[in-house]
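**Student:** One structure, pasted below without further comment.
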Amino acid sequence: MSETYLLEGIRVVELATFVFAPAAGTILGDFGAEVVHIEHPQIGDAYRYLPQLKPLPECDENYCWILTSRGKKSIALDVRRPEGRAVAMDLVRGADVMVGGGLAAPMPATVFSMVKAPTAEPPHAWRAL
């Protein structure tokens, strides 16, 4: 017997770094959503480079980053460049939900306007602050 998840078939685009928004994306993924995390092309998600916190287990990467990044797909895009912005906008248009915070700050207002427009069908904007 296969399991059915509450959010199965829901696509989430996550333009986020640091704790709250990535944690929201992880929870949505835990309930079955497909989560696509957008990272900076040169450094990736800066959260993975934070120093190790004691008494968390010793590991090569930031343990908290590992917890909030599990189960996600990832793509590296420079959303400040027109090409990266176009790909990000295509991903957002095809999503049911967008979670933003941190990385989303440099995203042009046109993306947020498009997401938050009252006439817009999905995606529905959930912004973690």
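Residues are referred to by chain and number: the chain letter is A, B, ... according to the order shown in the structure tokens, the number counts from 1 in that chain, and ligands are numbered separately from 1 in the order shown.
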Using only C-alpha atoms, find each residue in range 67-104 of chain A having at least one atom no more than 7 Å away from range 33-42 of chain A; report its shortest atom-to-atom pair and that distance in Å (one decimal), rows by chain then rising number, as a tab-separated table.
**Tutor:**
```
residue	atom	partner	partner_atom	distance
A:Lys72	CA	A:Val35	CA	5.1
A:Lys73	CA	A:Val36	CA	4.7
A:Ser74	CA	A:His37	CA	4.6
A:Ile75	CA	A:Ile38	CA	5.1
A:Ala76	CA	A:Pro41	CA	4.5
A:Leu77	CA	A:Pro41	CA	5.4
A:Asp78	CA	A:His40	CA	5.8
```
**Student:** Would you put the residues from that selection into a file with all heavy atoms, as a PDB file, in the first residue's frame?
**Tutor:**
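Writing the result to again_13.pdb gives the following:
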```pdb
ATOM      1  N   LYS A  72      14.612  18.500  -0.964  1.00  0.00           N
ATOM      2  CA  LYS A  72      14.325  19.563  -1.930  1.00  0.00           C
ATOM      3  C   LYS A  72      15.150  19.373  -3.193  1.00  0.00           C
ATOM      4  O   LYS A  72      16.248  18.847  -3.163  1.00  0.00           O
ATOM      5  CB  LYS A  72      14.673  20.937  -1.335  1.00  0.00           C
ATOM      6  CG  LYS A  72      13.861  21.293  -0.122  1.00  0.00           C
ATOM      7  CD  LYS A  72      14.287  22.638   0.441  1.00  0.00           C
ATOM      8  CE  LYS A  72      13.517  22.954   1.714  1.00  0.00           C
ATOM      9  NZ  LYS A  72      13.965  24.211   2.301  1.00  0.00           N
ATOM     10  N   LYS A  73      14.592  19.840  -4.287  1.00  0.00           N
ATOM     11  CA  LYS A  73      15.366  19.980  -5.515  1.00  0.00           C
ATOM     12  C   LYS A  73      16.049  21.335  -5.428  1.00  0.00           C
ATOM     13  O   LYS A  73      15.576  22.221  -4.720  1.00  0.00           O
ATOM     14  CB  LYS A  73      14.464  19.925  -6.737  1.00  0.00           C
ATOM     15  CG  LYS A  73      13.776  18.593  -6.905  1.00  0.00           C
ATOM     16  CD  LYS A  73      12.862  18.605  -8.094  1.00  0.00           C
ATOM     17  CE  LYS A  73      12.223  17.230  -8.265  1.00  0.00           C
ATOM     18  NZ  LYS A  73      11.310  17.223  -9.421  1.00  0.00           N
ATOM     19  N   SER A  74      17.137  21.506  -6.149  1.00  0.00           N
ATOM     20  CA  SER A  74      17.865  22.764  -6.065  1.00  0.00           C
ATOM     21  C   SER A  74      18.317  23.205  -7.445  1.00  0.00           C
ATOM     22  O   SER A  74      18.674  22.378  -8.283  1.00  0.00           O
ATOM     23  CB  SER A  74      19.085  22.583  -5.150  1.00  0.00           C
ATOM     24  OG  SER A  74      19.781  23.791  -5.022  1.00  0.00           O
ATOM     25  N   ILE A  75      18.283  24.520  -7.660  1.00  0.00           N
ATOM     26  CA  ILE A  75      18.767  25.094  -8.906  1.00  0.00           C
ATOM     27  C   ILE A  75      19.530  26.371  -8.555  1.00  0.00           C
ATOM     28  O   ILE A  75      19.115  27.116  -7.663  1.00  0.00           O
ATOM     29  CB  ILE A  75      17.619  25.382  -9.899  1.00  0.00           C
ATOM     30  CG1 ILE A  75      18.168  25.889 -11.224  1.00  0.00           C
ATOM     31  CG2 ILE A  75      16.602  26.335  -9.307  1.00  0.00           C
ATOM     32  CD1 ILE A  75      17.134  25.984 -12.334  1.00  0.00           C
ATOM     33  N   ALA A  76      20.657  26.594  -9.219  1.00  0.00           N
ATOM     34  CA  ALA A  76      21.457  27.798  -8.993  1.00  0.00           C
ATOM     35  C   ALA A  76      21.096  28.834 -10.054  1.00  0.00           C
ATOM     36  O   ALA A  76      21.242  28.581 -11.249  1.00  0.00           O
ATOM     37  CB  ALA A  76      22.947  27.462  -9.063  1.00  0.00           C
ATOM     38  N   LEU A  77      20.608  29.982  -9.602  1.00  0.00           N
ATOM     39  CA  LEU A  77      20.216  31.067 -10.506  1.00  0.00           C
ATOM     40  C   LEU A  77      20.668  32.405  -9.941  1.00  0.00           C
ATOM     41  O   LEU A  77      20.529  32.640  -8.745  1.00  0.00           O
ATOM     42  CB  LEU A  77      18.693  31.132 -10.669  1.00  0.00           C
ATOM     43  CG  LEU A  77      17.988  29.986 -11.347  1.00  0.00           C
ATOM     44  CD1 LEU A  77      16.478  30.194 -11.257  1.00  0.00           C
ATOM     45  CD2 LEU A  77      18.417  29.886 -12.796  1.00  0.00           C
ATOM     46  N   ASP A  78      21.160  33.271 -10.798  1.00  0.00           N
ATOM     47  CA  ASP A  78      21.442  34.644 -10.394  1.00  0.00           C
ATOM     48  C   ASP A  78      20.214  35.460 -10.769  1.00  0.00           C
ATOM     49  O   ASP A  78      20.036  35.847 -11.926  1.00  0.00           O
ATOM     50  CB  ASP A  78      22.689  35.177 -11.090  1.00  0.00           C
ATOM     51  CG  ASP A  78      23.117  36.538 -10.565  1.00  0.00           C
ATOM     52  OD1 ASP A  78      22.301  37.194  -9.864  1.00  0.00           O
ATOM     53  OD2 ASP A  78      24.246  36.955 -10.842  1.00  0.00           O
TER      54      ASP A  78
END
```
**Student:** How close does each residue of range 71-103 of chain A get to range 2-15 of chain A, giving the shortest atom pair and distance in Å to one decimal for every residue with an atom at most 9 Å away, counting only C-alpha atoms, sorted by chain and residue number, as JSON lines?
**Tutor:**
```
{"residue": "A:Ala88", "atom": "CA", "partner": "A:Val13", "partner_atom": "CA", "distance": 8.7}
{"residue": "A:Leu91", "atom": "CA", "partner": "A:Val13", "partner_atom": "CA", "distance": 6.8}
{"residue": "A:Val92", "atom": "CA", "partner": "A:Val13", "partner_atom": "CA", "distance": 6.1}
{"residue": "A:Gly94", "atom": "CA", "partner": "A:Arg11", "partner_atom": "CA", "distance": 7.8}
{"residue": "A:Ala95", "atom": "CA", "partner": "A:Arg11", "partner_atom": "CA", "distance": 5.0}
{"residue": "A:Asp96", "atom": "CA", "partner": "A:Arg11", "partner_atom": "CA", "distance": 5.3}
{"residue": "A:Val97", "atom": "CA", "partner": "A:Val12", "partner_atom": "CA", "distance": 4.8}
{"residue": "A:Met98", "atom": "CA", "partner": "A:Val13", "partner_atom": "CA", "distance": 4.8}
{"residue": "A:Val99", "atom": "CA", "partner": "A:Glu14", "partner_atom": "CA", "distance": 4.7}
{"residue": "A:Gly100", "atom": "CA", "partner": "A:Leu15", "partner_atom": "CA", "distance": 4.7}
{"residue": "A:Gly101", "atom": "CA", "partner": "A:Leu15", "partner_atom": "CA", "distance": 6.4}
{"residue": "A:Gly102", "atom": "CA", "partner": "A:Leu15", "partner_atom": "CA", "distance": 7.6}
{"residue": "A:Leu103", "atom": "CA", "partner": "A:Leu15", "partner_atom": "CA", "distance": 5.6}
```
**Student:** So the first atom is CA of Gly32 in chain A and the second is CA of Met89 in chain A; what is the distance between them in Å, to one decimal place?
**Tutor:**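 Taking CA of Gly32 in chain A and CA of Met89 in chain A, their separation equals 22.9 Å.
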**Student:** Take CA of Thr68 in chain A and CA of Arg80 in chain A and report the distance between them in Å, one decimal.
**Tutor:**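 Pair CA of Thr68 in chain A / CA of Arg80 in chain A returns 24.5 Å.
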